[in-house]
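**Q** Dropping the structure in here first, questions after.
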Amino acid sequence: MHIDYRTKINKMINIVLFGPPGAGKGTQSSKMKEKYQLVHLSTGDLLRSEIAAGTELGLEAKKLMDAGKLVPDEVVIGMIDHKLKTNKDANGFIFDGFPRTVAQAEALDKLMQQNDTKISGMIALEVPEEELVKRLLERGKTSGRADDKNEELIRTRVQEYENKTAPVAGYYKAQNKYSSIKGVGSIDEIFDDISKTVDNF
Ligand code: AMP
């Protein structure tokens with residue numbers, strides 16, 4: 001007889017979608033959100049909403065974002081904490097653009113624990129730097145994002161990723177929760193690879 005001992009912990013799917021700016025995290029998140037009925041949390045989007053609403057937090061964050069630098073850990077951790085509390089009935093979450101530092105990854109594990117759940121795994125999209133720069137400059141023509149407009153700023157963001165964010169992969173590797181996927185190819189091919197990984201979580 002099969003007894004299902006699974007609790008809420010195992011039923012939730014909580015994915016860290018990882019990769020440098022321009023890797024396709026936003027595009028793939030919308031498809032994942034649809035297929036797996038997850039709540040999509042992008043700290044970049046949340047910060048841009050704060051800017052649009054003209055909040056003090058938004059104004060402070062804007063200076064750093066326009067310079068291609070990361071905003072302080074406390075700011076993004078606080079926003080994620082709030083979103084987890086206001087989405088108690090979610091099937092799970094896609095974290096897009098978060099965590100971007102090891103301190104954020106540690107804070108996320110604590111928040112997951114407090115919510116009786118855990119991270120299922122990290123999916124890292126691998127894309128070469130020249131392709132990233134090309135994609136972001138192209139996106140800059142329509143995104144209206146100041147940080148997509150010039151090559152120097154884009155390279156600062158990629159550098160910030162290499163210095164502060166890339167080590168986050170090691171944090172999940174150490175927990176055997178890391179999967180890497182080729183982020184170059186058609187959107188649907190990449191999504192198929194992501195789905196195969198998620199189906200094994
Ligand atoms: P994104 O939309 O993910 O490319 O983020 C745009 C900008 O928002 C980044 O260049 C950072 O300035 C800021 N940002 C977004 N998420 C984070 C995060 N988790 N930690 C620090 N800064 C962030």
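Residues in the structure tokens are named by chain (A, B, ... in the order shown) and by number from 1 within that chain; ligands are numbered from 1 in the order shown.
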Return as a VMD selection string every polymer residue, whether protein, DNA or RNA, with at least one atom no more than 8 Å from an atom of ligand 1; count only C-alpha atoms and all ligand atoms.
**A** chain A and resid 21 to 22 42 to 45 47 to 48 61 to 62 64 to 73 75 to 77 96 to 101 104 147 157
**Q** Quick one: write out the picked residues with C-alpha atoms as a compact mmCIF listing (two decimals), in the first residue's frame?
**A**
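So the final result, stored in part.txt, reads:
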```txt
# COMPACT_ATOMS: atom_id res chain seq x y z
CA PRO A 21 20.71 40.23 -16.63
CA GLY A 22 19.32 39.39 -20.07
CA SER A 42 10.67 39.58 -9.41
CA THR A 43 12.48 41.98 -7.11
CA GLY A 44 13.36 44.12 -10.15
CA ASP A 45 9.63 44.44 -11.00
CA LEU A 47 11.39 47.88 -7.21
CA ARG A 48 10.16 49.40 -10.49
CA ALA A 61 16.52 52.35 -5.03
CA LYS A 62 16.34 54.23 -8.35
CA LEU A 64 21.42 52.51 -7.43
CA MET A 65 19.43 50.83 -10.20
CA ASP A 66 20.26 53.64 -12.64
CA ALA A 67 23.93 53.11 -11.79
CA GLY A 68 23.66 49.34 -12.42
CA LYS A 69 24.38 48.58 -8.75
CA LEU A 70 22.53 46.28 -6.38
CA VAL A 71 20.14 47.79 -3.83
CA PRO A 72 20.77 46.89 -0.16
CA ASP A 73 19.89 43.35 0.95
CA VAL A 75 15.33 46.33 1.08
CA VAL A 76 14.73 43.33 -1.19
CA ILE A 77 14.48 40.85 1.69
CA ASP A 96 13.32 35.91 -10.34
CA GLY A 97 16.32 38.18 -9.76
CA PHE A 98 16.39 37.16 -6.10
CA PRO A 99 18.50 36.09 -4.22
CA ARG A 100 21.34 38.13 -5.73
CA THR A 101 23.79 37.82 -2.81
CA GLN A 104 19.86 37.19 0.50
CA ASP A 147 19.54 50.58 -17.27
CA ARG A 157 25.35 45.12 -14.26
```
**Q** Considering only C-alpha atoms, can you say which of A:Glu126, A:Asp116, A:Asp109, A:Glu162 comes closest to A:Gln175?
**A** A:Asp109
**Q** What's around A:Tyr171 at 12 Å? Count only C-alpha atoms, leave out sequence neighbours fewer than 2 positions away in its own chain, and write the answer as an MDAnalysis selection string.
**A** chainID A and resid 16 99:106 108:109 119 121:122 165:169 173:178
**Q** Could you tell me how far atom CA of A:Ala23 lies from atom CA of A:Leu132, in Å and to one decimal?
**A**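 That distance, rounded to one decimal, is 6.5 Å.
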**Q** Could you pull the residues within 12 Å of A:Gln114, counting only C-alpha atoms, minus those fewer than 4 positions along the same chain, as an MDAnalysis selection string?
**A** chainID A and resid 9 81 84:85 88 107:110 118
**Q** Would you kindly return, as a PDB file with all heavy atoms, in the first residue's frame, each protein, DNA or RNA residue with an atom no farther than 9 Å from any atom of A:Leu59, considering only C-alpha atoms and excluding same-chain residues fewer than 5 positions away?
**A**
```
ATOM      1  N   GLU A  50       7.730  50.351  -7.066  1.00  0.00           N
ATOM      2  CA  GLU A  50       7.958  51.360  -6.008  1.00  0.00           C
ATOM      3  C   GLU A  50       8.361  52.697  -6.641  1.00  0.00           C
ATOM      4  O   GLU A  50       7.928  53.755  -6.204  1.00  0.00           O
ATOM      5  CB  GLU A  50       9.071  50.901  -5.052  1.00  0.00           C
ATOM      6  CG  GLU A  50       8.737  49.669  -4.228  1.00  0.00           C
ATOM      7  CD  GLU A  50       7.802  49.952  -3.057  1.00  0.00           C
ATOM      8  OE1 GLU A  50       7.734  51.113  -2.601  1.00  0.00           O
ATOM      9  OE2 GLU A  50       7.125  48.994  -2.621  1.00  0.00           O
ATOM     10  N   ILE A  51       9.203  52.616  -7.670  1.00  0.00           N
ATOM     11  CA  ILE A  51       9.638  53.845  -8.355  1.00  0.00           C
ATOM     12  C   ILE A  51       8.416  54.522  -9.003  1.00  0.00           C
ATOM     13  O   ILE A  51       8.204  55.727  -8.849  1.00  0.00           O
ATOM     14  CB  ILE A  51      10.711  53.542  -9.436  1.00  0.00           C
ATOM     15  CG1 ILE A  51      11.992  53.038  -8.774  1.00  0.00           C
ATOM     16  CG2 ILE A  51      10.994  54.775 -10.287  1.00  0.00           C
ATOM     17  CD1 ILE A  51      13.074  52.565  -9.743  1.00  0.00           C
ATOM     18  N   GLY A  54       6.365  56.327  -6.717  1.00  0.00           N
ATOM     19  CA  GLY A  54       7.044  57.482  -6.128  1.00  0.00           C
ATOM     20  C   GLY A  54       7.291  57.365  -4.631  1.00  0.00           C
ATOM     21  O   GLY A  54       7.376  58.372  -3.926  1.00  0.00           O
TER      22      GLY A  54
END
```
**Q** Which of stretch 37-184 of chain A end up as strand (DSSP E) when DSSP is run on this backbone - answer as a list in words?
**A**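 Answer for stretch 37-184 of chain A, restricted to strand (DSSP E): Val39, His40, Leu41, Ser42, Gly92, Phe93, Ile94, Phe95, Asp96, Gly121, Met122, Ile123, Ala124, Leu125, Glu126, Tyr178, Ser179, Ser180, Ile181 and Lys182 of chain A.
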**Q** Keeping only N, CA and C atoms, write those residues as a PDB file, in the first residue's frame.
**A**
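That gives us out-v8.pdb:
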```pdb
ATOM      1  N   VAL A  39       3.315  31.719  -8.090  1.00  0.00           N
ATOM      2  CA  VAL A  39       3.358  33.180  -7.970  1.00  0.00           C
ATOM      3  C   VAL A  39       4.763  33.635  -8.376  1.00  0.00           C
ATOM      4  N   HIS A  40       4.812  34.587  -9.302  1.00  0.00           N
ATOM      5  CA  HIS A  40       6.093  35.078  -9.818  1.00  0.00           C
ATOM      6  C   HIS A  40       6.531  36.301  -9.017  1.00  0.00           C
ATOM      7  N   LEU A  41       7.680  36.206  -8.370  1.00  0.00           N
ATOM      8  CA  LEU A  41       8.188  37.351  -7.604  1.00  0.00           C
ATOM      9  C   LEU A  41       9.504  37.831  -8.203  1.00  0.00           C
ATOM     10  N   SER A  42       9.460  38.978  -8.854  1.00  0.00           N
ATOM     11  CA  SER A  42      10.669  39.578  -9.415  1.00  0.00           C
ATOM     12  C   SER A  42      10.993  40.817  -8.592  1.00  0.00           C
ATOM     13  N   GLY A  92       3.239  27.808  -4.773  1.00  0.00           N
ATOM     14  CA  GLY A  92       4.682  27.936  -4.745  1.00  0.00           C
ATOM     15  C   GLY A  92       5.081  29.229  -5.431  1.00  0.00           C
ATOM     16  N   PHE A  93       6.379  29.483  -5.464  1.00  0.00           N
ATOM     17  CA  PHE A  93       6.872  30.772  -5.964  1.00  0.00           C
ATOM     18  C   PHE A  93       7.999  30.580  -6.970  1.00  0.00           C
ATOM     19  N   ILE A  94       8.081  31.525  -7.912  1.00  0.00           N
ATOM     20  CA  ILE A  94       9.278  31.623  -8.755  1.00  0.00           C
ATOM     21  C   ILE A  94       9.986  32.879  -8.292  1.00  0.00           C
ATOM     22  N   PHE A  95      11.195  32.730  -7.807  1.00  0.00           N
ATOM     23  CA  PHE A  95      11.996  33.888  -7.411  1.00  0.00           C
ATOM     24  C   PHE A  95      12.877  34.264  -8.596  1.00  0.00           C
ATOM     25  N   ASP A  96      12.645  35.459  -9.110  1.00  0.00           N
ATOM     26  CA  ASP A  96      13.321  35.909 -10.338  1.00  0.00           C
ATOM     27  C   ASP A  96      14.139  37.155  -9.992  1.00  0.00           C
ATOM     28  N   GLY A 121      14.586  24.076  -5.715  1.00  0.00           N
ATOM     29  CA  GLY A 121      15.828  24.041  -6.474  1.00  0.00           C
ATOM     30  C   GLY A 121      16.091  25.347  -7.184  1.00  0.00           C
ATOM     31  N   MET A 122      17.348  25.489  -7.603  1.00  0.00           N
ATOM     32  CA  MET A 122      17.734  26.651  -8.405  1.00  0.00           C
ATOM     33  C   MET A 122      17.891  26.188  -9.849  1.00  0.00           C
ATOM     34  N   ILE A 123      17.361  26.980 -10.786  1.00  0.00           N
ATOM     35  CA  ILE A 123      17.589  26.727 -12.208  1.00  0.00           C
ATOM     36  C   ILE A 123      18.379  27.909 -12.747  1.00  0.00           C
ATOM     37  N   ALA A 124      19.589  27.630 -13.228  1.00  0.00           N
ATOM     38  CA  ALA A 124      20.472  28.701 -13.706  1.00  0.00           C
ATOM     39  C   ALA A 124      20.499  28.702 -15.228  1.00  0.00           C
ATOM     40  N   LEU A 125      20.181  29.846 -15.826  1.00  0.00           N
ATOM     41  CA  LEU A 125      20.230  29.986 -17.287  1.00  0.00           C
ATOM     42  C   LEU A 125      21.607  30.497 -17.679  1.00  0.00           C
ATOM     43  N   GLU A 126      22.287  29.720 -18.517  1.00  0.00           N
ATOM     44  CA  GLU A 126      23.650  30.073 -18.935  1.00  0.00           C
ATOM     45  C   GLU A 126      23.630  30.754 -20.304  1.00  0.00           C
ATOM     46  N   TYR A 178      21.141  22.629  -7.319  1.00  0.00           N
ATOM     47  CA  TYR A 178      21.529  23.447  -8.471  1.00  0.00           C
ATOM     48  C   TYR A 178      21.351  22.700  -9.795  1.00  0.00           C
ATOM     49  N   SER A 179      20.686  23.310 -10.759  1.00  0.00           N
ATOM     50  CA  SER A 179      20.631  22.766 -12.126  1.00  0.00           C
ATOM     51  C   SER A 179      20.949  23.876 -13.100  1.00  0.00           C
ATOM     52  N   SER A 180      21.780  23.548 -14.093  1.00  0.00           N
ATOM     53  CA  SER A 180      22.135  24.567 -15.066  1.00  0.00           C
ATOM     54  C   SER A 180      21.506  24.212 -16.412  1.00  0.00           C
ATOM     55  N   ILE A 181      21.025  25.247 -17.107  1.00  0.00           N
ATOM     56  CA  ILE A 181      20.349  25.036 -18.384  1.00  0.00           C
ATOM     57  C   ILE A 181      20.900  26.018 -19.413  1.00  0.00           C
ATOM     58  N   LYS A 182      21.080  25.547 -20.657  1.00  0.00           N
ATOM     59  CA  LYS A 182      21.573  26.428 -21.710  1.00  0.00           C
ATOM     60  C   LYS A 182      20.485  27.442 -22.048  1.00  0.00           C
TER      61      LYS A 182
END
```
**Q** Identify which of the residues A:Glu60, A:Gln113, A:Gly26, A:Lys35 lies closest to A:Asp192, counting only C-alpha atoms when measuring atom-to-atom distances.
**A**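 Smallest separation from A:Asp192 among the options: A:Lys35.
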**Q** Run DSSP on the backbone and grab whatever in chain A lands in alpha helix (DSSP H); send it over as a ChimeraX atom specification.
**A** /A:8-11,25-36,43-53,56-66,73-85,102-114,129-143,151-160,167-173,187-199
**Q** Distance atom CA of A:Glu74-atom CA of A:Ser49, one decimal place?
**A** 17.4 Å
**Q** How far is it from atom CA of A:Leu38 to atom CA of A:Ile13, in Å with one decimal?
**A**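 Atom CA of A:Ile13 lies at a distance of 7.8 Å from atom CA of A:Leu38.
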**Q** For a quick check of understanding, using only C-alpha atoms, which of A:Ser30, A:Ala146, A:Glu131, A:Leu153 has the smallest distance to A:Gly183?
**A** A:Glu131
